[in-house]
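Text of input_34.cif, listed as mmCIF, C-alpha atoms and all ligand atoms:
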```
data_entry
#
loop_
_atom_site.label_atom_id
_atom_site.label_comp_id
_atom_site.auth_asym_id
_atom_site.auth_seq_id
_atom_site.Cartn_x
_atom_site.Cartn_y
_atom_site.Cartn_z
CA MET Z 70 -12.21 4.49 -25.92
CA ASP Z 71 -11.69 7.97 -24.49
CA LEU Z 72 -8.05 9.04 -24.19
CA GLY Z 73 -8.52 12.59 -22.93
CA PHE Z 74 -9.36 14.12 -19.56
CA THR Z 75 -12.15 16.66 -19.00
CA PRO Z 76 -11.41 20.16 -17.58
CA GLU Z 77 -12.96 19.01 -14.26
CA GLU Z 78 -10.62 16.03 -14.17
CA GLU Z 79 -7.62 18.25 -14.89
CA THR Z 80 -8.72 20.56 -12.04
CA PHE Z 81 -8.88 17.54 -9.77
CA ARG Z 82 -5.36 16.53 -10.88
CA GLN Z 83 -4.12 19.99 -9.86
CA GLU Z 84 -5.81 19.59 -6.47
CA VAL Z 85 -3.97 16.29 -5.89
CA GLN Z 86 -0.66 17.81 -7.03
CA ALA Z 87 -1.10 20.82 -4.75
CA TRP Z 88 -1.93 18.60 -1.78
CA LEU Z 89 1.13 16.45 -2.43
CA GLN Z 90 3.29 19.54 -2.75
CA ALA Z 91 2.12 20.71 0.67
CA ASN Z 92 2.04 17.37 2.46
CA LEU Z 93 4.62 14.98 1.04
CA PRO Z 94 8.04 15.87 2.45
CA LYS Z 95 10.89 15.66 -0.05
CA ALA Z 96 12.76 13.14 2.07
CA TRP Z 97 9.82 10.74 1.90
CA ARG Z 98 9.72 10.65 -1.89
CA GLN Z 99 10.84 7.41 -3.45
CA ASP Z 100 12.29 9.08 -6.55
CA GLY Z 101 14.85 6.93 -8.28
CA LYS Z 102 14.80 4.30 -5.56
CA GLY Z 103 12.73 1.85 -7.56
CA GLY Z 104 11.14 -0.89 -5.46
CA TYR Z 105 10.03 0.20 -2.03
CA ARG Z 106 11.77 -1.64 0.81
CA ASP Z 107 8.70 -2.12 2.92
CA GLU Z 108 10.29 -3.86 5.82
CA GLU Z 109 12.56 -0.91 6.61
CA ASP Z 110 10.07 1.92 6.63
CA THR Z 111 7.06 0.91 8.68
CA ASP Z 112 6.99 4.11 10.78
CA LEU Z 113 7.09 6.31 7.70
CA GLN Z 114 4.35 4.28 6.02
CA ARG Z 115 2.16 4.50 9.11
CA GLU Z 116 2.61 8.26 9.25
CA TRP Z 117 1.96 8.67 5.54
CA GLN Z 118 -1.25 6.64 5.84
CA ARG Z 119 -2.39 8.94 8.67
CA LYS Z 120 -1.78 12.02 6.52
CA LEU Z 121 -3.70 10.54 3.59
CA TYR Z 122 -6.55 9.58 5.92
CA GLU Z 123 -6.74 13.05 7.42
CA GLY Z 124 -6.64 14.51 3.91
CA GLY Z 125 -9.73 12.42 3.04
CA TRP Z 126 -7.95 10.52 0.26
CA LEU Z 127 -8.45 6.99 1.50
CA LYS Z 128 -12.18 7.12 0.87
CA LEU Z 129 -11.89 8.85 -2.47
CA GLY Z 130 -13.90 6.33 -4.49
CA TRP Z 131 -16.34 5.47 -1.71
CA PRO Z 132 -19.97 6.58 -2.10
CA LYS Z 133 -20.93 9.83 -0.39
CA GLU Z 134 -23.52 7.94 1.76
CA VAL Z 135 -20.68 6.19 3.61
CA GLY Z 136 -18.58 9.31 4.01
CA GLY Z 137 -16.61 8.98 0.77
CA ARG Z 138 -16.01 11.53 -1.93
CA GLY Z 139 -17.77 9.53 -4.64
CA ALA Z 140 -14.88 10.03 -7.05
CA THR Z 141 -15.26 8.48 -10.49
CA PRO Z 142 -12.88 5.69 -11.61
CA VAL Z 143 -11.04 8.29 -13.71
CA MET Z 144 -10.49 10.56 -10.69
CA GLN Z 145 -9.25 7.60 -8.66
CA ALA Z 146 -6.83 6.72 -11.45
CA ILE Z 147 -5.61 10.34 -11.60
CA TYR Z 148 -5.03 10.26 -7.84
CA GLN Z 149 -3.07 7.00 -8.11
CA GLU Z 150 -1.07 8.30 -11.03
CA GLU Z 151 -0.12 11.52 -9.25
CA MET Z 152 0.91 9.56 -6.15
CA ALA Z 153 3.18 7.41 -8.31
CA ARG Z 154 4.61 10.42 -10.17
CA ALA Z 155 5.40 12.17 -6.90
CA GLY Z 156 7.18 9.06 -5.65
CA ALA Z 157 4.82 8.79 -2.68
CA PRO Z 158 5.62 5.92 -0.29
CA GLY Z 159 3.26 3.03 0.32
CA ILE Z 160 0.90 2.89 3.28
CA LEU Z 161 1.40 0.40 6.10
CA GLY Z 162 -2.19 -0.83 6.15
CA ARG Z 163 -2.43 -1.32 2.38
CA LEU Z 164 -4.22 -4.69 2.54
CA GLY Z 165 -6.73 -3.46 5.10
CA VAL Z 166 -7.40 -0.22 3.23
CA THR Z 167 -7.64 -1.58 -0.30
CA LEU Z 168 -9.07 -5.05 0.33
CA LEU Z 169 -10.70 -5.44 3.72
CA ALA Z 170 -12.37 -2.07 4.40
CA PRO Z 171 -14.45 -2.09 1.18
CA THR Z 172 -15.22 -5.79 1.75
CA LEU Z 173 -16.56 -4.99 5.23
CA VAL Z 174 -18.67 -2.21 3.78
CA ALA Z 175 -20.17 -4.81 1.41
CA HIS Z 176 -20.53 -7.80 3.76
CA GLY Z 177 -19.90 -6.69 7.36
CA THR Z 178 -22.39 -6.26 10.19
CA ASP Z 179 -23.07 -2.75 11.51
CA TRP Z 180 -20.84 -3.59 14.50
CA GLN Z 181 -17.98 -4.67 12.23
CA LYS Z 182 -18.29 -1.54 10.11
CA GLU Z 183 -18.43 0.76 13.13
CA THR Z 184 -15.63 -1.01 14.98
CA TYR Z 185 -13.16 -1.51 12.16
CA VAL Z 186 -13.55 0.60 9.04
CA GLU Z 187 -12.30 3.98 10.32
CA LYS Z 188 -9.52 2.35 12.35
CA ILE Z 189 -8.36 0.42 9.29
CA LEU Z 190 -8.27 3.57 7.19
CA SER Z 191 -6.52 5.71 9.81
CA GLY Z 192 -3.87 3.03 10.41
CA GLU Z 193 -4.88 2.52 14.03
CA LEU Z 194 -5.48 -1.16 13.23
CA ILE Z 195 -3.24 -2.95 10.74
CA PHE Z 196 -4.62 -6.11 9.14
CA CYS Z 197 -2.79 -8.83 7.21
CA GLN Z 198 -4.34 -11.34 4.83
CA GLY Z 199 -4.35 -14.98 5.94
CA PHE Z 200 -5.55 -16.89 2.90
CA SER Z 201 -2.62 -18.97 1.53
CA GLU Z 202 -1.43 -22.16 3.23
CA PRO Z 203 1.54 -24.43 2.55
CA ASN Z 204 -0.70 -26.62 0.34
CA ALA Z 205 -3.31 -24.13 -0.73
CA GLY Z 206 -2.23 -21.19 -2.88
CA SER Z 207 -3.54 -21.23 -6.44
CA ASP Z 208 -5.90 -23.97 -5.27
CA LEU Z 209 -7.14 -21.88 -2.36
CA ALA Z 210 -10.28 -23.96 -1.82
CA GLY Z 211 -7.97 -26.75 -0.66
CA LEU Z 212 -7.22 -24.86 2.57
CA ARG Z 213 -7.12 -26.95 5.74
CA THR Z 214 -7.05 -24.52 8.68
CA ARG Z 215 -9.98 -25.56 10.89
CA ALA Z 216 -12.45 -23.37 12.78
CA GLU Z 217 -14.52 -25.25 15.36
CA ARG Z 218 -17.24 -24.10 17.75
CA ARG Z 219 -16.15 -24.51 21.36
CA ASP Z 220 -17.69 -22.86 24.42
CA GLY Z 221 -19.53 -20.27 22.34
CA LYS Z 222 -16.45 -19.22 20.38
CA TRP Z 223 -14.62 -20.21 17.22
CA VAL Z 224 -11.32 -21.98 17.86
CA LEU Z 225 -8.81 -22.01 15.00
CA ASP Z 226 -6.00 -24.50 14.34
CA GLY Z 227 -3.76 -24.62 11.28
CA GLN Z 228 -1.08 -22.78 9.38
CA LYS Z 229 -1.03 -19.85 6.99
CA THR Z 230 1.91 -18.73 4.92
CA TRP Z 231 3.19 -15.84 2.74
CA SER Z 232 1.18 -13.41 4.83
CA SER Z 233 2.48 -9.92 4.01
CA GLY Z 234 3.11 -7.75 7.06
CA ALA Z 235 2.00 -10.47 9.51
CA HIS Z 236 4.75 -9.50 11.94
CA TYR Z 237 3.47 -5.96 12.47
CA SER Z 238 -0.26 -6.63 12.07
CA ASP Z 239 -2.83 -6.31 14.84
CA LYS Z 240 -5.39 -8.52 13.13
CA SER Z 241 -5.74 -10.82 10.17
CA PHE Z 242 -8.63 -11.40 7.77
CA LEU Z 243 -8.36 -15.10 7.46
CA LEU Z 244 -10.10 -18.04 5.80
CA ALA Z 245 -10.69 -21.25 7.77
CA ARG Z 246 -12.74 -24.38 7.20
CA THR Z 247 -15.93 -24.32 9.28
CA ASP Z 248 -17.44 -27.50 7.82
CA SER Z 249 -15.15 -30.30 6.66
CA ALA Z 250 -18.10 -32.32 5.31
CA ALA Z 251 -19.28 -29.55 2.96
CA GLU Z 252 -18.05 -29.08 -0.63
CA PRO Z 253 -14.63 -27.34 -0.60
CA HIS Z 254 -15.96 -23.88 -1.59
CA LYS Z 255 -18.95 -24.02 0.74
CA GLY Z 256 -17.50 -24.90 4.14
CA ILE Z 257 -15.20 -21.89 4.56
CA GLY Z 258 -15.58 -18.99 6.99
CA PHE Z 259 -14.09 -15.45 6.83
CA PHE Z 260 -12.69 -14.47 10.23
CA LEU Z 261 -11.13 -11.36 11.76
CA VAL Z 262 -8.46 -12.81 14.02
CA ASP Z 263 -6.63 -10.96 16.79
CA MET Z 264 -2.90 -11.48 16.15
CA HIS Z 265 -1.93 -10.47 19.71
CA GLN Z 266 -3.22 -13.61 21.46
CA PRO Z 267 -1.43 -16.70 22.80
CA GLY Z 268 -2.85 -19.02 20.09
CA VAL Z 269 -1.17 -17.05 17.28
CA GLU Z 270 2.52 -17.23 16.43
CA VAL Z 271 4.17 -15.42 13.53
CA ARG Z 272 7.48 -16.48 12.01
CA ARG Z 273 8.98 -14.14 9.45
CA ILE Z 274 10.20 -15.63 6.18
CA LYS Z 275 13.49 -14.33 4.88
CA GLN Z 276 13.26 -13.42 1.22
CA MET Z 277 15.97 -13.39 -1.40
CA THR Z 278 15.79 -9.58 -1.46
CA GLY Z 279 17.26 -9.71 2.05
CA GLY Z 280 14.00 -8.51 3.57
CA GLY Z 281 11.38 -10.36 5.55
CA GLU Z 282 8.22 -8.71 4.36
CA PHE Z 283 5.96 -11.68 4.90
CA GLY Z 284 5.60 -14.56 7.32
CA GLU Z 285 3.97 -17.76 8.43
CA ILE Z 286 1.07 -17.69 10.90
CA PHE Z 287 0.67 -20.67 13.22
CA LEU Z 288 -2.75 -21.00 14.81
CA SER Z 289 -3.09 -23.31 17.78
CA GLY Z 290 -6.32 -22.79 19.63
CA ALA Z 291 -6.63 -19.16 18.47
CA GLU Z 292 -10.00 -17.79 19.56
CA VAL Z 293 -12.45 -15.68 17.59
CA GLU Z 294 -15.74 -14.27 18.89
CA ASP Z 295 -18.88 -14.70 16.80
CA ARG Z 296 -18.98 -10.96 16.14
CA ASP Z 297 -15.66 -11.33 14.25
CA LEU Z 298 -17.05 -13.82 11.75
CA VAL Z 299 -17.93 -11.92 8.56
CA GLY Z 300 -21.12 -13.26 6.95
CA GLN Z 301 -22.35 -16.77 7.72
CA PRO Z 302 -19.96 -19.66 8.60
CA GLY Z 303 -20.07 -20.95 4.98
CA ASP Z 304 -19.83 -17.56 3.23
CA GLY Z 305 -16.04 -17.27 3.27
CA TRP Z 306 -15.45 -18.15 -0.37
CA LYS Z 307 -18.01 -15.66 -1.64
CA ILE Z 308 -16.51 -12.93 0.58
CA ALA Z 309 -12.96 -13.84 -0.55
CA MET Z 310 -14.12 -13.28 -4.16
CA THR Z 311 -15.16 -9.76 -3.16
CA VAL Z 312 -11.65 -9.27 -1.74
CA PHE Z 313 -10.06 -10.43 -5.03
CA GLY Z 314 -12.28 -8.00 -6.96
CA PHE Z 315 -10.48 -5.11 -5.21
CA GLU Z 316 -7.02 -6.35 -6.31
CA ARG Z 317 -6.28 -4.52 -9.51
CA GLY Z 318 -3.62 -2.48 -11.22
CA GLY Z 319 -3.98 0.66 -13.25
CA LEU Z 320 -2.58 3.95 -14.38
CA ALA Z 321 -0.43 4.31 -11.27
CA GLN Z 322 1.58 1.32 -12.39
CA ALA Z 323 1.79 2.72 -15.93
CA ALA Z 324 3.26 5.95 -14.55
CA ARG Z 325 5.75 3.96 -12.46
CA PHE Z 326 6.83 1.84 -15.44
CA GLU Z 327 7.28 4.86 -17.71
CA GLN Z 328 9.36 6.53 -15.03
CA ALA Z 329 11.42 3.37 -14.51
CA VAL Z 330 12.14 3.07 -18.24
CA ASP Z 331 13.29 6.72 -18.37
CA GLU Z 332 15.57 6.10 -15.38
CA LEU Z 333 16.89 2.94 -16.99
CA ALA Z 334 17.63 4.81 -20.25
CA ALA Z 335 19.54 7.42 -18.21
CA LEU Z 336 21.54 4.65 -16.53
CA ALA Z 337 22.29 3.06 -19.92
CA ARG Z 338 23.51 6.42 -21.27
CA ALA Z 339 25.67 7.02 -18.21
CA ARG Z 340 27.25 3.57 -18.37
CA GLY Z 341 27.77 3.51 -22.11
CA ALA Z 342 25.38 0.56 -22.47
CA GLY Z 343 23.11 2.65 -24.70
CA ALA Z 344 25.40 1.93 -27.64
CA ASP Z 345 25.04 -1.84 -27.26
CA PRO Z 346 22.62 -2.89 -30.04
CA THR Z 347 20.89 -5.55 -27.93
CA MET Z 348 20.42 -3.26 -24.93
CA ARG Z 349 19.09 -0.45 -27.11
CA GLN Z 350 16.50 -2.82 -28.55
CA ARG Z 351 15.46 -4.07 -25.13
CA ILE Z 352 15.13 -0.60 -23.61
CA ALA Z 353 13.15 0.65 -26.61
CA GLN Z 354 10.91 -2.43 -26.32
CA ALA Z 355 10.40 -1.69 -22.60
CA ARG Z 356 9.25 1.86 -23.50
CA ILE Z 357 6.76 0.45 -26.02
CA GLU Z 358 5.43 -2.03 -23.47
CA ALA Z 359 5.03 0.69 -20.82
CA HIS Z 360 3.02 2.69 -23.35
CA VAL Z 361 0.88 -0.33 -24.28
CA PHE Z 362 0.24 -0.83 -20.57
CA ARG Z 363 -0.96 2.77 -20.25
CA LEU Z 364 -3.39 2.14 -23.12
CA ILE Z 365 -4.62 -1.05 -21.44
CA GLY Z 366 -5.14 0.98 -18.24
CA LEU Z 367 -7.12 3.62 -20.13
CA ARG Z 368 -9.26 0.96 -21.79
CA ASN Z 369 -10.02 -0.62 -18.41
CA LEU Z 370 -10.83 2.80 -17.05
CA THR Z 371 -13.24 3.50 -19.88
CA ARG Z 372 -15.00 0.23 -19.09
CA ALA Z 373 -15.16 1.09 -15.40
CA GLN Z 374 -16.44 4.58 -16.19
CA HIS Z 375 -19.33 2.98 -18.09
CA GLY Z 376 -20.15 0.87 -15.04
CA ASN Z 377 -18.71 -2.41 -16.33
CA ALA Z 378 -17.04 -4.57 -13.69
CA PRO Z 379 -13.60 -5.89 -14.63
CA GLY Z 380 -14.04 -9.26 -16.34
CA PRO Z 381 -11.41 -11.74 -17.53
CA GLU Z 382 -9.47 -8.79 -19.00
CA ALA Z 383 -8.27 -8.16 -15.44
CA SER Z 384 -6.23 -11.34 -15.95
CA MET Z 385 -4.67 -9.93 -19.12
CA THR Z 386 -3.76 -6.74 -17.26
CA LYS Z 387 -2.15 -8.62 -14.36
CA LEU Z 388 -0.31 -10.98 -16.70
CA PHE Z 389 0.93 -8.15 -18.92
CA TRP Z 390 2.33 -5.86 -16.21
CA SER Z 391 3.95 -8.61 -14.14
CA GLU Z 392 5.71 -10.23 -17.09
CA MET Z 393 6.65 -6.81 -18.49
CA ASP Z 394 8.21 -5.70 -15.21
CA LYS Z 395 10.25 -8.90 -14.99
CA ARG Z 396 11.69 -8.17 -18.45
CA LEU Z 397 12.37 -4.54 -17.54
CA GLN Z 398 14.23 -5.43 -14.35
CA GLU Z 399 16.24 -8.08 -16.17
CA THR Z 400 17.26 -5.55 -18.81
CA ALA Z 401 18.31 -3.18 -16.02
CA VAL Z 402 20.64 -5.64 -14.31
CA GLY Z 403 22.03 -6.40 -17.79
CA VAL Z 404 22.78 -2.69 -18.29
CA GLU Z 405 24.77 -2.77 -15.05
CA GLY Z 406 26.96 -5.55 -16.46
CA MET Z 407 28.96 -7.39 -13.83
CA TYR Z 408 27.76 -4.94 -11.14
CA GLY Z 409 24.28 -6.37 -11.67
CA ALA Z 410 25.42 -9.53 -9.90
CA LEU Z 411 26.16 -7.67 -6.63
CA ALA Z 412 23.73 -8.04 -3.73
CA PRO Z 413 21.67 -4.83 -3.34
CA ASP Z 414 23.40 -3.79 -0.11
CA SER Z 415 26.95 -4.48 -1.32
CA ASP Z 416 29.64 -1.84 -1.54
CA GLY Z 417 29.83 -0.72 -5.12
CA ALA Z 418 26.21 -1.60 -5.96
CA ILE Z 419 24.97 0.94 -8.51
CA GLU Z 420 22.15 3.29 -7.45
CA ASP Z 421 21.95 1.63 -4.01
CA GLY Z 422 21.28 -1.73 -5.61
CA ARG Z 423 17.77 -0.66 -6.62
CA TRP Z 424 17.76 -2.62 -9.87
CA GLN Z 425 19.03 -5.86 -8.32
CA TYR Z 426 16.45 -5.43 -5.56
CA GLY Z 427 13.81 -4.71 -8.21
CA TRP Z 428 14.81 -7.77 -10.23
CA MET Z 429 14.54 -10.02 -7.18
CA TRP Z 430 11.24 -8.49 -6.14
CA SER Z 431 9.82 -8.81 -9.67
CA GLN Z 432 10.09 -12.61 -9.40
CA ALA Z 433 7.23 -12.42 -6.88
CA GLU Z 434 5.01 -10.39 -9.18
CA THR Z 435 4.14 -13.32 -11.44
CA ILE Z 436 3.12 -15.32 -8.35
CA TYR Z 437 1.01 -13.14 -6.03
CA ALA Z 438 -2.54 -12.04 -6.87
CA GLY Z 439 -2.82 -15.06 -9.18
CA SER Z 440 0.24 -16.55 -10.89
CA SER Z 441 0.87 -16.13 -14.62
CA GLU Z 442 -0.19 -19.73 -15.28
CA ILE Z 443 -3.47 -19.20 -13.45
CA GLN Z 444 -4.09 -15.96 -15.38
CA ARG Z 445 -3.45 -17.77 -18.68
CA ASN Z 446 -5.87 -20.52 -17.63
CA ILE Z 447 -8.56 -17.89 -17.01
CA ILE Z 448 -7.91 -16.24 -20.39
CA ALA Z 449 -7.87 -19.61 -22.18
CA GLU Z 450 -11.16 -20.70 -20.66
CA ARG Z 451 -13.16 -17.51 -20.26
CA VAL Z 452 -11.92 -15.41 -23.18
CA LEU Z 453 -11.00 -18.05 -25.75
CA GLY Z 454 -13.52 -20.72 -24.75
CA LEU Z 455 -10.89 -23.47 -24.57
CA PRO Z 456 -11.78 -26.52 -22.47
CA ARG Z 457 -10.62 -26.74 -18.84
CA GLY Z 458 -7.11 -28.14 -18.50
CA ARG Z 459 -6.55 -31.46 -16.80
C1 LIG S 501 5.11 -11.21 -2.49
C2 LIG S 501 3.98 -12.09 -2.11
C3 LIG S 501 3.07 -11.65 -1.17
C4 LIG S 501 2.02 -12.48 -0.79
N1 LIG S 501 1.17 -12.03 0.18
C5 LIG S 501 0.17 -12.85 0.59
C6 LIG S 501 -0.68 -12.45 1.67
O1 LIG S 501 -0.53 -11.35 2.23
N2 LIG S 501 -1.64 -13.30 2.08
C7 LIG S 501 -1.83 -14.52 1.49
O2 LIG S 501 -2.74 -15.21 1.89
N3 LIG S 501 -1.04 -14.95 0.48
C8 LIG S 501 -0.04 -14.14 0.03
N4 LIG S 501 0.80 -14.56 -0.98
C9 LIG S 501 0.64 -15.92 -1.50
C10 LIG S 501 0.11 -15.99 -2.92
O3 LIG S 501 -1.26 -15.72 -2.94
C11 LIG S 501 0.44 -17.41 -3.43
O4 LIG S 501 1.85 -17.49 -3.52
C12 LIG S 501 -0.18 -17.67 -4.77
O5 LIG S 501 -1.56 -17.81 -4.66
C13 LIG S 501 0.41 -18.97 -5.40
O6 LIG S 501 0.25 -20.04 -4.52
P1 LIG S 501 1.48 -20.96 -4.11
O7 LIG S 501 2.62 -20.09 -3.73
O8 LIG S 501 0.99 -21.95 -3.12
O9 LIG S 501 1.91 -21.72 -5.44
P2 LIG S 501 1.17 -22.97 -6.10
O10 LIG S 501 -0.28 -22.69 -6.19
O11 LIG S 501 1.62 -24.21 -5.41
O12 LIG S 501 1.78 -22.93 -7.56
C14 LIG S 501 3.08 -23.44 -7.87
C15 LIG S 501 3.27 -23.32 -9.37
O13 LIG S 501 2.29 -24.14 -10.04
C16 LIG S 501 1.54 -23.37 -10.96
N5 LIG S 501 0.15 -23.83 -10.97
C17 LIG S 501 -0.65 -24.04 -9.91
N6 LIG S 501 -1.87 -24.47 -10.31
C18 LIG S 501 -1.84 -24.51 -11.65
C19 LIG S 501 -2.81 -24.85 -12.66
N7 LIG S 501 -4.05 -25.21 -12.33
N8 LIG S 501 -2.43 -24.77 -13.96
C20 LIG S 501 -1.16 -24.39 -14.30
N9 LIG S 501 -0.20 -24.06 -13.40
C21 LIG S 501 -0.54 -24.11 -12.10
C22 LIG S 501 1.62 -21.95 -10.45
O14 LIG S 501 1.43 -20.99 -11.47
C23 LIG S 501 3.04 -21.90 -9.90
O15 LIG S 501 3.96 -21.65 -10.93
C24 LIG S 501 1.85 -13.76 -1.38
C25 LIG S 501 2.78 -14.20 -2.34
C26 LIG S 501 3.83 -13.38 -2.70
C27 LIG S 501 4.80 -13.89 -3.72
#
```

Let's see the structure in the file written out as structure tokens.
Ligand SMILES: Cc1cc2nc3c(=O)[nH]c(=O)nc-3n(C[C@H](O)[C@H](O)[C@H](O)COP(=O)(O)OP(=O)(O)OC[C@H]3O[C@@H](n4cnc5c(N)ncnc54)[C@H](O)[C@@H]3O)c2cc1C
Amino acid sequence: MDLGFTPEEETFRQEVQAWLQANLPKAWRQDGKGGYRDEEDTDLQREWQRKLYEGGWLKLGWPKEVGGRGATPVMQAIYQEEMARAGAPGILGRLGVTLLAPTLVAHGTDWQKETYVEKILSGELIFCQGFSEPNAGSDLAGLRTRAERRDGKWVLDGQKTWSSGAHYSDKSFLLARTDSAAEPHKGIGFFLVDMHQPGVEVRRIKQMTGGGEFGEIFLSGAEVEDRDLVGQPGDGWKIAMTVFGFERGGLAQAARFEQAVDELAALARARGAGADPTMRQRIAQARIEAHVFRLIGLRNLTRAQHGNAPGPEASMTKLFWSEMDKRLQETAVGVEGMYGALAPDSDGAIEDGRWQYGWMWSQAETIYAGSSEIQRNIIAERVLGLPRGR
């Protein structure tokens, strides 16, 4: 495992830092605010995405042949880490940029690539992900939304849920059953659905954080042209696996965790909780875990640098950071004592309620992108060779 950076990589780090210095206004930085309250800052996130696009950063890791910079996995990690360190905000079209655009490059037709990719990256078109359904989450292949051929088009009926950003999205990349007689994994199609049509209704779901970041999508006779079907009608599962391959964490999260632990230690000192033996132990443990996570990130990076695709260890990474963050946020509300029980927006909430908000948000982290139980199943079966659970 290689723990150092080459002089070229350090030069690249300076380039990213200089660009951030010149382009990320101070007021946009998320320093000390902890979790990002997506639902409140859509204009800022759209604008930030535009700046990153114009700066050429959103195609950093893409091959030069498709207009990318061909950056190595290490350079991409450096970029992510510097963004996190600078407290850069998120981008509005995160799901389109990180998941859909590279999937279209891999599986899309020329028309789909030409029509969508640049608009996704620039933020002109915002996509949400319509995979989960009320009875199909971990068991995604159990999805029931139907896509039928009628009058030369696909007509979709069904319901999606937990779709992040559905209420401000222009389109959705969505899975629907094209053949109910086929085996569950084989009769699924991958569609690009226009959200601004009469057959699509979005209802926001209120979350315990107070926000409404995601929503339900009701499809009743929603229409999709053939040109917006990605791959063949039964290719949806295979294409969804490509999408999941782009969902991964890394050094950016390590930088964020380290920063959060430092901020938590400062809070503990300020509130006198640093002298409490249990709190001291928990904060020190959080620092160790953040460091272990950095080492895991570096190990994954070394693998990627040698051309190895992430295997089941991606499950260990996801499991580790999500469970670790839950513990960290719980420690933080403990440091706040009784104030930790206040709702984030209450008068008297410490540091704008960031830790309560973070604690509530962290409950979602062990659910999305594969729940902790599902990750443990993968590790048990594929790493430890244990038999499939019943
Ligand atoms: C913040 C957030 C954002 C999301 N954004 C999106 C989005 O944009 N688009 C989208 O399509 N979806 C999205 N999701 C949905 C997410 O993908 C699902 O919540 C996830 O797949 C789990 O599915 P489920 O909620 O139906 O729970 P279920 O699958 O019903 O699981 C319920 C519980 O049972 C456990 N469980 C299930 N199966 C097994 C098993 N075989 N062995 C052991 N335990 C098991 C689970 O771990 C969990 O604890 C989002 C979720 C969250 C929390």

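Across Z:Pro203, Z:Gly366, Z:Gly137, Z:Gly177, the tightest approach to Z:Phe389 is made by Z:Gly366 when counting all atoms listed in the file.
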
#### Entry: Site check for ligand LIG 501 (chain S): residues at most 7 Å away, all atoms listed in the file, as a PyMOL selection string
chain Z and resi 197-208+230-233+283+433-434+436-443+446

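Residue nearest Z:Glu193, chosen from Z:Arg115, Z:Ala210, Z:Arg218, Z:Thr167 and counting only C-alpha atoms: Z:Arg115.
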
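The residue that comes closest to Z:Glu316, out of Z:Arg138, Z:Arg219, Z:Lys387, Z:His360 and on the basis of all atoms listed in the file, is Z:Lys387.
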
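Within 10 Å of the point (-10.9, 10.0, 2.1) in file coordinates, and counting all atoms listed in the file, lie the residues Leu121, Tyr122, Glu123, Gly124, Gly125, Trp126, Leu127, Lys128, Leu129, Gly130, Trp131, Gly136, Gly137, Arg138, Gly139, Ala140, Leu190 and Ser191 of chain Z.
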
Axis-aligned box for stretch 210-218 of chain Z, 3 Å per side, centre and edges in Å as JSON:
```
{"center_x": -12.1, "center_y": -25.2, "center_z": 8.0, "size_x": 16.2, "size_y": 9.6, "size_z": 25.6}
```

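Neighbours of stretch 266-276 of chain Z closer than or equal to 7 Å, with all atoms listed in the file counted and sequence neighbours fewer than 4 positions away skipped, come out as Ala235, His236, Gly280, Gly281, Phe283, Gly284, Glu285, Ile286, Phe287, Leu288, Ser289, Gly290 and Ala291 of chain Z.
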
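Proximity to Z:Gln86 was assessed for Z:Asp112, Z:Gln149, Z:Ala359, Z:Arg119 counting only C-alpha atoms; the smallest distance is recorded for Z:Gln149.
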
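Going from atom CA of Z:Lys240 over to atom CA of Z:Val174, you cover 17.4 Å.
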
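Using only C-alpha atoms, the smallest distance between any of Z:Thr400, Z:Gln118, Z:Gln444, Z:Thr172 and Z:Val299 comes from Z:Thr172.
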
#### Entry: Point-to-point distance from atom CA of Z:Leu370 to atom CA of Z:Val312, Å rounded to tenths
19.5 Å

### Task
Just give me the gap between atom CA of Z:Ser384 and atom CA of Z:Gly305 in Å, one decimal is fine.
22.4 Å

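If all atoms listed in the file are the atoms counted, then among Z:Thr278, Z:Ala344, Z:Arg356, Z:Trp88 the closest residue to Z:Gly422 is Z:Thr278.
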
### Query
Mind listing as a PyMOL selection string all residues within 12 Å of (13.2, -6.9, -5.9), counting all atoms listed in the file?
chain Z and resi 102-107+276-280+282+394-395+397-399+401-402+412-413+422-434

For Z:Gln328, work out the shell of residues within 9 Å, counting only C-alpha atoms and skipping chain neighbours fewer than 4 positions away, then give it as a tab-separated table (two decimals) with C-alpha atoms, in the frame of the given file.
```
chain	number	residue	atom	x	y	z
Z	101	GLY	CA	14.85	6.93	-8.28
Z	154	ARG	CA	4.61	10.42	-10.17
Z	323	ALA	CA	1.79	2.72	-15.93
Z	324	ALA	CA	3.26	5.95	-14.55
Z	332	GLU	CA	15.57	6.10	-15.38
Z	333	LEU	CA	16.89	2.94	-16.99
```
